[in-house]
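Working notes, structure below.
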Amino acid sequence: MRRTCTCFMVMATVAVQAGEIFIVPFEKASEDKQDGSKKNPFTSLVQARDAIRTAKKAGSQEPWNVHLKKGIYPVSETIVFEPADSGTADAPVIYKGAGSKTIISGGITLTGWKEIEDGTWEADLPLNPDGSPLYFEALYVNNRRAVRSRHPDTGFLNPEDVTQTGLDGKATKKGPAKAELTAKSGELDLIRKIPQNELKYAQVIVHHKWDTTRRIITGFDAATGTISTQGGIWKSWNKWQKSSMYYVENLRSAFNQPGEWFYDGVNKKVKYHPLPKERLNRSELIAPRPGLIALIHFKGDIKNKTFVKNIRFENMALFYTDSPRRKDQLEKAGFTKEFIGDLNKPGPTQLEPMQAAARTEPAIQADGAHNITFKECELSHIGEYGIWFRSGCISNRFQNCIISDLGSGGIRLGATGSEGCKPPAAGVSTNTSPWCSAYNVVDNCIIKSGGRFHASGVAVWIGSSADNQITHNDISDFYYTGVSVGWVWGYSGSFAQRNSICWNRIYNIGQKALGDMGGVYTLGTSFGTKICNNVIYDIDSYTYGGWGLYTDEGSEGILMENNLVYNTKDGSFHQHYGRNNIIRNNILCDSREYQVAATRKEKHCSFIFERNIVCWDKGPVFKPHTTEKQVEWKDNIWYMSSGPIDFEGKTFAEWQKSGCDKDGFEADPQFENPSKCNFKIHSGSPAEKIGFVEFDYNKAGNYNKQKSWKWSLLNLFR
């Protein structure tokens, strides 16, 4: 007789040896006796947590080691760690897995699959306890995120027209609003025959500048090819436009490619189109548990200055979380209950736009957490963001981890607001408030493949947080920005100061999916922030704004030094507006539209640009009007291989006479082989004359590559 797992939330009785607890998967444990000992191990993290909590309450001061054997540990509710679960600096609590096969899972394995006549697979949707069908918007097949049936199959469409009115069809400046998107002739013909009761399970996703909007389709006019949606009012600075891009998900008529899946809410089925080598009897198909947004929450009491401290997670995987329905946004959208159903239950989702997908939720969340460590762990197949350590989070560490396959972004540090720790306007911040978030480290991690559900997610985002170190990470395959620092627009003061973004390799960012973004992006007063020794390349946007280094609104007091930036769309460096930033000793190569840009003219010094090497094949050196800005151009080398450079109407000699680059050169820097990304400088290069200091850009990214943790982890996980 098969046992069912009913013990996950069982309270533990403490019969274990102090300091040691053992956990095994449920199917390997004793049915009637679990005390956490090696002989009679527990079956869940919750049991271990509760046993340690009870022991500490009784006076235990030992360090605790919790050993998890390899296997799958299903999670049905968020595991919450509170101050009572803390260790100390000398006696931490450590949860140790047995490697990549130790998996904390928020997934549900779907069974009952059958191959039907057309070669696709089909299964009945599992039922919730109330008899309703399971709802999900992601499906994972053999450890791979399957493609939700999509039109077009790849890329995007551009609308013929977009309009917005009130729900009554009249002009409005208040929400909720009706937004309509009219397709170009014939491009949405595949929707014509889909009934409305099925269409409500489909969504249109609109990419506009740096944002995305995800909307439920409320109607379709076949005569005009117009999709109807409803939700919030468009922001004046980022409306839907004819130049926006869009695609439609979860259409039966778009379920036509291997690797795609379709949620059939009308017939209570799920369908999958297998890849050529996939076989039903050798495949595992997993959906995220509906409503399980976070696997772990470190929940301190910041107001009363009691924190969760000194807990470590090592050598394990954490897989599968859901994307929330967002009851508040759906209520504000003005849906009727007859159309949208019970908003307290999982169902079709919407997401209103916000930069960096800031309204999305994490799989691992922390509030009031100190000295929490994740080491040699993988976090993957995530509904939205991977990790968010918000307010009151001090000296936490993420090292040697793989964070991948993310619905939104990777790691977020700090809150989106000040939460009691805002510095004086334009002043230097301190870390004295218990609400402050600071001194966190993200080191030697692989952070890749983000934005799979909300494309505007960021690999590493720092909001209201100071003195963090983002070092030696390999960051790739995102549709918006690689690293974003700061969350205050303008000079009103920011807590995001003295952050170090150093020795990272950041590449394949943007991918022509969004705009107004960069490899590294900054906002607001950032005194003491250093962006140094990074390698940034392959940055592309669908519209303006595919920059390597990007100081946006109010960026101030930042040093960008010893960075190698190449193969960007709009410029290796761009400053929207800012004050007293230093751009020094960088190699900036081969941007396609222009090389360097300054957008807004201000009375103060915007930035100092000194001892840089800027080289490219052809095209303008500057975005138009850059030389009109308050910039100090000092001792740079400029080289365009196709001929003399036009410094906005000046030759280089005239450029120098105007007071710029008096000791600089228009000359070949003599790289060894830039076409092969070899930027080592030959002896005798004019770079020596400007005092350029050569730096070893090969040290950027993960260290100890040949003997690194990542090879064993990647081989086991894949």
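Identifiers for the structure tokens are assigned positionally: chains receive A, B, ... in sequence, residues are indexed from 1 per chain, and ligands are indexed from 1 in the order shown.
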* Contacts of Glu610 (chain A) at 9 Å or less, counting only C-alpha atoms, minus same-chain residues fewer than 5 places along, as a list in words? ->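 The filter keeps Ile582, Ile583, Arg584, Asn585, Asn586, Glu632, Trp633, Lys634, Asp635, Asn636 and Asp661 of chain A.
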* To do: Go through region 413-637 of chain A and collect every residue that DSSP, computed from the backbone, puts in strand (DSSP E); the answer should be as a ChimeraX atom specification.
  => /A:413,441-443,446-448,460-462,469-471,474-478,483-485,500-502,505-509,517-522,525-532,535-539,546-551,555-561,564-568,571-575,578-579,581-584,587-589,596-598,607-610,613-616,631-634,637
* Could you give me, as number ranges by chain, the residues within 10 Å of Lys689 (chain A), counting only C-alpha atoms and dropping anything in the same chain fewer than 2 positions from it? => A: 611, 635, 637, 663-665, 684-687, 691-692
* To do: Just the residues within 7 Å of Pro434 (chain A), please, counting only C-alpha atoms, with nothing from its chain fewer than 6 positions along; format it as a list in words.
  =>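 Listed by chain and then number, they are Ile302, Lys305 and Gly392 of chain A.
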* To do: Check the smallest atom-to-atom distance from each of A:Asn508, A:Ser395, A:Ser37, A:Thr336 to Asn65 (chain A) using only C-alpha atoms, then report the winner.
  => A:Ser37
* To do: Go through A:Asp342, A:Glu122, A:Asp405, A:Glu376 and flag the residue nearest Tyr272 (chain A), using only C-alpha atoms for the distances.
  =>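 Ranked by minimum distance to Tyr272 (chain A), first place goes to A:Glu122.
Note that the spacing between CA of Val458 (chain A) and CA of Ile311 (chain A) amounts to 26.2 Å.
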* Who sits within 9 Å of region 409-420 of chain A, only C-alpha atoms, same chain under 4 positions skipped, as a ChimeraX atom specification -> /A:356-358,360,362,384-393,403-404,433-438,440,442,447-452,454-466,468,478,487-488,494-496
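For region 572-674 of chain A, backbone-based DSSP labels the following residues as alpha helix (DSSP H): Phe652, Ala653, Glu654, Trp655, Gln656 and Lys657 of chain A.
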* Asked: For Thr349 (chain A), which residue among A:Ala425, A:Ala202, A:Val46, A:Ala366 is the nearest when counting only C-alpha atoms?
  ->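 Selected residue with least distance to Thr349 (chain A): A:Ala202.
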Which residues of region 609-686 of chain A have any atom within 9 Å of an atom in region 562-567 of chain A when counting only C-alpha atoms, and what is the closest pair of atoms for each, with the distance in Å to one decimal? Order the rows by chain and rising number and write it as a tab-separated table.
```
residue	atom	partner	partner_atom	distance
A:Asn612	CA	A:Asn562	CA	8.9
A:Cys677	CA	A:Tyr566	CA	8.8
A:Phe679	CA	A:Leu564	CA	8.7
```
* Structure fact -> Min atom-atom distance to Gly519 (chain A) from the set A:Tyr246, A:Tyr537, A:Phe453, A:Phe22, counting only C-alpha atoms, belongs to A:Tyr537
* Can you work out which one of A:Tyr135, A:Arg498, A:Leu167, A:Glu694 has the shortest atom-to-atom distance to Thr430 (chain A), counting only C-alpha atoms? =>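 The answer is A:Arg498, which sits nearest to Thr430 (chain A).
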* Selection near His297 (chain A), 7 Å with only C-alpha atoms, sequence-local residues under 3 positions removed, as a PyMOL selection string -> chain A and resi 78-81+294+364-366
* To do: Would you mind reading off the distance between CA of Val483 (chain A) and CA of Val621 (chain A), one decimal, in Å?
  => 25.4 Å
* **Pick from A:Glu77, A:Glu278, A:Asp161, A:Glu284 nearest to Leu139 (chain A), counting only C-alpha atoms** => A:Glu284
* Which polymer residues have any atom within 9 Å of an atom of Val428 (chain A), counting only C-alpha atoms, with same-chain residues fewer than 3 positions away left out, as a PyMOL selection string? -> chain A and resi 423-425+493-495+497+525-527
Kindly export the residues of the current selection with N, CA, C and O atoms, as a CSV table (one decimal), in the first residue's frame.
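Saved to again.csv:
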```csv
chain,number,residue,atom,x,y,z
A,423,PRO,N,18.8,58.7,4.2
A,423,PRO,CA,19.9,59.7,4.6
A,423,PRO,C,19.4,61.1,4.4
A,423,PRO,O,18.4,61.3,3.7
A,424,PRO,N,20.1,62.1,4.9
A,424,PRO,CA,19.8,63.5,4.6
A,424,PRO,C,19.8,63.7,3.1
A,424,PRO,O,20.6,63.0,2.4
A,425,ALA,N,19.0,64.6,2.6
A,425,ALA,CA,19.0,64.9,1.2
A,425,ALA,C,20.4,65.1,0.7
A,425,ALA,O,21.1,66.0,1.1
A,493,GLY,N,18.7,62.4,-2.6
A,493,GLY,CA,19.4,61.6,-1.6
A,493,GLY,C,19.0,60.1,-1.7
A,493,GLY,O,17.9,59.8,-2.0
A,494,SER,N,20.0,59.2,-1.6
A,494,SER,CA,19.8,57.8,-1.7
A,494,SER,C,20.6,57.1,-0.7
A,494,SER,O,21.7,57.5,-0.3
A,495,PHE,N,20.1,55.9,-0.3
A,495,PHE,CA,20.8,55.1,0.7
A,495,PHE,C,21.8,54.2,0.0
A,495,PHE,O,22.6,53.5,0.6
A,497,GLN,N,24.7,53.6,-1.4
A,497,GLN,CA,26.1,54.2,-1.4
A,497,GLN,C,27.1,53.2,-1.1
A,497,GLN,O,26.9,52.2,-0.4
A,525,THR,N,22.0,59.5,-5.9
A,525,THR,CA,23.2,59.7,-5.2
A,525,THR,C,23.9,58.4,-4.7
A,525,THR,O,23.2,57.6,-4.0
A,526,SER,N,25.1,58.2,-5.1
A,526,SER,CA,25.8,56.9,-4.9
A,526,SER,C,27.2,57.1,-4.4
A,526,SER,O,28.1,56.4,-4.8
A,527,PHE,N,27.4,58.0,-3.5
A,527,PHE,CA,28.8,58.3,-3.0
A,527,PHE,C,29.6,57.1,-2.7
A,527,PHE,O,29.1,56.2,-1.9
```
Counting only C-alpha atoms, give me one row per residue of region 282-400 of chain A with an atom at most 10 Å from an atom of region 204-207 of chain A, showing the shortest contact pair and its distance in Å to one decimal, sorted by chain then residue number, as a Markdown table.
```
| residue | atom | partner | partner_atom | distance |
| --- | --- | --- | --- | --- |
| A:Gln350 | CA | A:Ile205 | CA | 9.4 |
| A:Leu351 | CA | A:Ile205 | CA | 9.4 |
| A:Pro353 | CA | A:His207 | CA | 9.4 |
```
Write the selection just made, keeping C-alpha atoms, as a compact mmCIF listing (two decimals), in the first residue's frame?
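Dumped to selection-v2.txt:
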```txt
# COMPACT_ATOMS: atom_id res chain seq x y z
CA GLN A 350 -1.83 40.18 -14.69
CA LEU A 351 1.17 42.40 -13.98
CA PRO A 353 4.49 47.63 -15.48
```
